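Please read the structure below before turning to the comments.
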2 protein chains.
Amino acid sequence: MRQSNTLIPTLKESPADAEIASHRLLIRAGYIRRVASGLYEFLPLGLRVIKKIEGIIRDEMDRAGAQELLLPILQPRELWEESGRWAKYGPEMMRLRDRAERDFGLGPTHEELITDLVRSNISSYRQLPLNLYQIGPKFRDEIRPRFGLLRGREFLMKDGYSFDRDEEGMADSYGRMYEAYGRIFSRSGCTWRAVEADTGLIGGDVSHEFMVPAEVGEDFIAYCSECPYAANLELASFRRPSPPSIGDMIVEKVHTPGQRTIEEVSSFLAIEAHRLIKCLMYLVGGRPVAVLVPGDREANEIKLGRGLGTDEFRLFNEDDWKRLPGYLQGYVGPVGLDGTEIIADWGLEGVGGMAAGANDADHHLINVKEGRDFTVNRFADVVNARAGDDCPRCNGQLKVEAGIEVGQVFQLGTRYSSPMRCCYDDENGVTRPMVMGTYGIGVSRLMAAVVEQSHDEKGIIWPVSVAPAVLHILPLNYEREERRQARRNSTRHAWRGAWKYCSTIARRAPASNSRTPI
Amino acid sequence: MRQSNTLIPTLKESPADAEIASHRLLIRAGYIRRVASGLYEFLPLGLRVIKKIEGIIRDEMDRAGAQELLLPILQPRELWEESGRWAKYGPEMMRLRDRAERDFGLGPTHEELITDLVRSNISSYRQLPLNLYQIGPKFRDEIRPRFGLLRGREFLMKDGYSFDRDEEGMADSYGRMYEAYGRIFSRSGCTWRAVEADTGLIGGDVSHEFMVPAEVGEDFIAYCSECPYAANLELASFRRPSPPSIGDMIVEKVHTPGQRTIEEVSSFLAIEAHRLIKCLMYLVGGRPVAVLVPGDREANEIKLGRGLGTDEFRLFNEDDWKRLPGYLQGYVGPVGLDGTEIIADWGLEGVGGMAAGANDADHHLINVKEGRDFTVNRFADVVNARAGDDCPRCNGQLKVEAGIEVGQVFQLGTRYSSPMRCCYDDENGVTRPMVMGTYGIGVSRLMAAVVEQSHDEKGIIWPVSVAPAVLHILPLNYEREERRQARRNSTRHAWRGAWKYCSTIARRAPASNSRTPI
């Protein structure tokens with residue numbers, strides 16, 4: 001491979017939409033090119049990196065006993081209706097209708113297809129466990145594609161699926177994939193962290209994400225400085241401090257003209273923010289629900305959804321406030337909200353001496369006590385953890401960092417096998433649904449994550465294991481005739497010499513796959 | 001890889017829709033599975049064959065100096081409008097609209113995308129020639145998907161594109177690809193034939209198809225038994241015999257009650273079919289045109305389209321015959337068709353003593369002579385060649401066989417570079433359009449073609465070069481304890497022994513890549 005014959009269209013200037021290093025550097029160095037929003041071409045150097053990553057994945061998947069296959073991109077609507085995801089996936093799934101007026105989706109993941117394959121061909125406990133994977137393009141119509149390969153609409157993914165007889169078998173398959181994923185990211189030259197994660201649209205109970213720490217990451221991870229606890233901020237729990245003991249002072253109504261936000265009220269009443277009760281009004285399935293969180297905390301809607309047991313909810317909008325004048329924007333509070341369901345974060349359990357809205361214009365209440373002045377229908381974990389919070393598992397404290405999600409593993413259980421009747425007969429002839437796991441790696445995203453972790457002001461520093469080439473021979477002083485002669489006659493000799501030299505160097509340097517998880 | 005751990009869902013019965021051997025055997029042996037009409041899954045064994053074929057393709061492409069890259073499947077409508085193919089491709093292109101209401105096509109080929117890539121990055125003659133290829137899924141919404149992998153709607157393809165400074169450079173790139181394609185098909189274990197071909201929706205002037213002869217092939221090839229001439233029947237020409245000299249007998253009108261077809265008239269008048277003039281009525285851009293062919297020949301609409309210089313034409317339908325009563329169905333003939341354009345096959349030039357419709361119910365004319373009794377506006381090659389016809393290049397005779405098209409190469413010229421302004425500056429600073437070639441291989445179709453050529457009543461006989469595995473070790477008499485012990489302890493030793501044995505066998509057998517083109 002000669003540079004002069006290879007399409008490497010380098011750019012002097014960064015593209016206008018490239019906000020982060022991997023996007024900027026991969027385009028400027030001629031690895032990728034943008035075709036349209038969220039759609040990229042992999043040019044010769046970029047594809048070489050992708051193939052190195054794919055090689056590492058195949059190697060580790062084979063080692064873990066998984067089998068590669070290839071499923072079609074077009075997926076019949078009927079299968080997605082069996083799992084209930086045709087309706088649920090919404091506009092993020094790209095869809096088309098063929099000339100015979102049948103509907104297809106472009107696979108964002110392939111649980112339905114693989115479950116259909118397995119239910120049609122596996123019927124006995126003797127044929128399980130089974131672990132199948134593929135590597136290929138996936139499609140998600142992101143509402144806001146950005147950051148180059150990090151959030152594209154057509155991207156390369158490795159997706160794998162395990163089928164077991166029971167929960168124990170699933171846990172075993174899950175463990176093997178978890179181990180293999182760690183090795184894949186280490187061998188690709190990343191530092192990474194596995195964190196507990198939400199299961200989202202895929203479903204299931206237990207899930208871990210593999211995060212590559214990077215400033216530009218769109219995910220946030222809370223992890224303990226003392227123990228192995230780590231979780232996506234969407235899910236991270238923390239131990240709430242015991243409420244300070246406060247004297248039983250009586251509730252008092254104070255005049256707070258024009259003071260609506262936490263900052264305004266806190267400053268006006270000279271009360272610290274965490275002593276205020278923030279009362280957020282939500283419509284849940286069309287019904288108003290008050291969500292209480294400490295004044296210094298951010299509500300987390302993914303946690304809230306879990307607390308509510310539904311994803312059909314939203315914050316009041318301007319119309320809702322007008323339509324329901326009983327709730328007074330800026331002054332709503334839990335005291336006297338009779339008939340309205342109240343959900344509160346655990347951090348408000350047993351608190352006293354708090355300030356809250358008075359449900360009266362320009363007024364707040366002070367000395368409010370939970371349990372005495374208002375009743376919470378349900379406590380739940382509905383706020384984000386933050387750095388310095390107490391670890392839920394030990395006496396350490398949490399730290400928070402940004403990361404790029406490069407992989408996720410799920411214990412699905414029977415989320416797909418039950419509705420789709422993917423069953424087997426056990427030793428006693430009893431028919432049981434298979435117990436599934438699903439495992440994904442963003443292959444093209446991993447390429448970008450490697451660059452985020454490994455670059456400097458001069459450009460990308462590829463780990464050897466995924467570098468597009470191990471050697472780049474530059475004949476210096478090329479104007480001298482003997483050099484040119486050498487290139488013509490003995491490229492092979494030059495290459496051997498250079499390779500020998502580099503192998504020596506490489507033996508001295510730490511191997512890139514000796515990197516270990518954080 | 002152990003058979004007991006691998007998903008190989010074999011079937012005892014052939015699927016109902018499997019009409020041909022490759023479809024039947026690949027499904028029955030567990031290589032592929034049908035998901036929906038024209039959509040197939042490649043199961044572990046099938047994917048191994050695909051990867052062997054891809055490996056051969058990559059090897060030969062690299063050897064020929066081509067560079068691999070990867071283009072997105074989703075293609076913006078705007079690019080396809082520049083080439084004019086957004087409208088032209090019709091319902092065979094699958095299309096979708098994204099959530100921002102922008103139109104995309106699912107790539108059936110990638111000329112537009114690659115031309116856009118090259119025009120944006122190449123500007124000097126010093127950067128040419130360039131040869132780029134990719135391997136990946138392609139989409140065509142076939143009106144009648146069938147024959148398993150032979151005519152699918154989502155299939156694997158290798159598509160390549162060359163960019164040169166001039167026609168000479170293009171011919172050179174084309175020649176290199178032609179050679180490489182031959183090696184690829186030979187190494188995959190096929191016998192094959194390269195034939196001259198029509199350029200269809202892709203465009204360009206010169207094209208060859210690579211055909212794998214097989215009874216079930218949907219293409220027909222005419223080839224000379226004496227010289228290298230070979231062409232798709234859509235294009236194959238042949239030398240017409242000189243018209244026999246016939247006395248100048250006067251035209252006579254004969255009564256042929258109820259005799260409409262060639263067979264009926266030929267039998268009723270006791271005149272051989274080739275002495276009849278078949279007069280086909282077409283609507284060409286809304287205008288009636290008479291197309292004359294010898295009575296014993298089939299008109300070929302692809303040739304006719306080339307003769308007419310348009311693809312907007314169709315045979316009269318029932319409505320047309322009613323609407324235009326001047327043309328009398330069953331009795332239309334060239335004599336007296338004043339004002340109607342007449343196109344005739346070269347085989348009718350100078351003929352005399354022919355029978356033809358009399359444009360009068362229940363009557364035909366005999367002793368009709370071209371040039372005396374009617375005037376042809378244009379002669380063209382509009383009929384199919386058939387076995388026994390004279391070769392257009394030598395004194396040999398043509399044979400006809402069925403084949404599966406596994407690859408096609410095109411000299412595109414400036415078909416895309418001119419409308420899309422993909423230009424370079426030459427040595428003198430003059431801006432010129434690049435001269436392109438395009439090259440395709442149906443990867444999944446090739447897998448099926450190999451099976452069509454290489455199977456018997458017991459199943460598939462894989463050529464070693466594409467076999468899913470070279471060795472299959474079966475421990476016989478497995479009930480004996482020492483065999484089981486051997487499997488547990490010394491799989492590696494067993495494998496080495498077996499490999500040594502097989503290598504000996506393989507050295508005695510002809511290597512699969514020693515097969516040569518026909």
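Scheme for the structure tokens: letters A, B, ... for chains in order shown; per-chain residue numbers from 1; ligand numbers from 1 in order shown.
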Closest pair table for chain B residues within 7 Å of chain A, only C-alpha atoms, as CSV:
```
residue,atom,partner,partner_atom,distance
B:Pro9,CA,A:Asn121,CA,6.0
B:Leu39,CA,A:Pro72,CA,6.5
B:Tyr40,CA,A:Pro72,CA,6.4
B:Glu41,CA,A:Leu71,CA,4.7
B:Phe42,CA,A:Leu70,CA,5.0
B:Leu43,CA,A:Leu69,CA,4.9
B:Pro44,CA,A:Leu69,CA,4.9
B:Leu47,CA,A:Leu69,CA,5.8
B:Gln67,CA,A:Pro44,CA,6.4
B:Glu68,CA,A:Pro44,CA,5.7
B:Leu69,CA,A:Pro44,CA,4.9
B:Leu70,CA,A:Phe42,CA,5.0
B:Leu71,CA,A:Glu41,CA,4.7
B:Pro72,CA,A:Glu41,CA,6.0
B:Pro91,CA,A:Arg99,CA,6.5
B:Met94,CA,A:Asp98,CA,6.8
B:Arg95,CA,A:Leu96,CA,6.6
B:Leu96,CA,A:Leu96,CA,5.3
B:Asp98,CA,A:Met94,CA,6.8
B:Arg99,CA,A:Pro91,CA,6.5
B:Asn121,CA,A:Pro9,CA,6.0
B:Asp141,CA,A:Asp98,CA,6.9
```
- Task: Would you list the contacts of A:Ile202 as a list in words, taking every protein, DNA or RNA residue within 10 Å and counting only C-alpha atoms, but skipping same-chain residues closer than 3 positions in sequence?
- Result: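 Within the cut-off, the hits are Arg85, Tyr89, Thr109, Glu111, Asp198, Thr199, Phe410, Leu412, Arg415, Tyr416 and Thr438 of chain A.
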- Item | Coordinates-based distance that separates atom CA of A:Gly350 from atom CA of A:Asp248 (Å, one decimal) | 12.2 Å
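Near A:Asp320, within 10 Å and counting only C-alpha atoms, sit Met281, Tyr282, Leu283, Pro288, Leu315, Phe316, Asn317, Arg323, Leu324, Pro325 and Tyr327 of chain A, not including residues fewer than 3 positions from it in the same chain.
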- Message: Please extract the residues of stretch 180-209 of chain B with a backbone DSSP assignment of helix (DSSP H, G or I) and present them as number ranges by chain.
- Response: B: 180-187
- Item | Distance query A:Asp17 at most 12 Å, only C-alpha atoms, self and fewer than 3 positions along chain excluded, as a ChimeraX atom specification | /A:13-14,20-21,23-24,27,34,36-38,145-148
- What's the 7 Å shell around B:Lys369, counting only C-alpha atoms, without same-chain residues fewer than 2 positions away, as an MDAnalysis selection string? chainID B and resid 351:354 367 371:373
- Which residues, written as a PyMOL selection string, have at least one atom at most 8 Å from stretch 331-342 of chain A, with only C-alpha atoms counted and residues fewer than 2 positions away on the same chain left out? chain A and resi 260+277-279+288-292+327-329+344+356-364+373-378
- Interatomic distance (Å, one decimal) between atom CA of A:Leu25 and atom CA of A:Arg445: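 Separation between atom CA of A:Leu25 and atom CA of A:Arg445: 14.2 Å.
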- Query: Hey, what's within 7 Å of stretch 264-274 of chain A if we count only C-alpha atoms and toss same-chain stuff fewer than 6 positions away? As a PyMOL selection string, please?
  - Reply: chain A and resi 294-296
- Query: Given the choices B:Tyr178, B:Tyr424, B:Tyr125, B:Trp86, which gets closest to B:Leu201 if the distance is worked out from only C-alpha atoms?
  - Reply: B:Trp86
- Could you state the separation of atom CA of A:Arg165 and atom CA of A:Ser418 in Å, given to one decimal place? 13.1 Å
- Query: DSSP on the backbone: what in stretch 270-499 of chain A comes out strand (DSSP E), as a ChimeraX atom specification?
  - Reply: /A:277-284,287-294,313-315,341-345,354-357,363-368,378-380,398-413,423-425,431-433,435-442,455-456,459-460
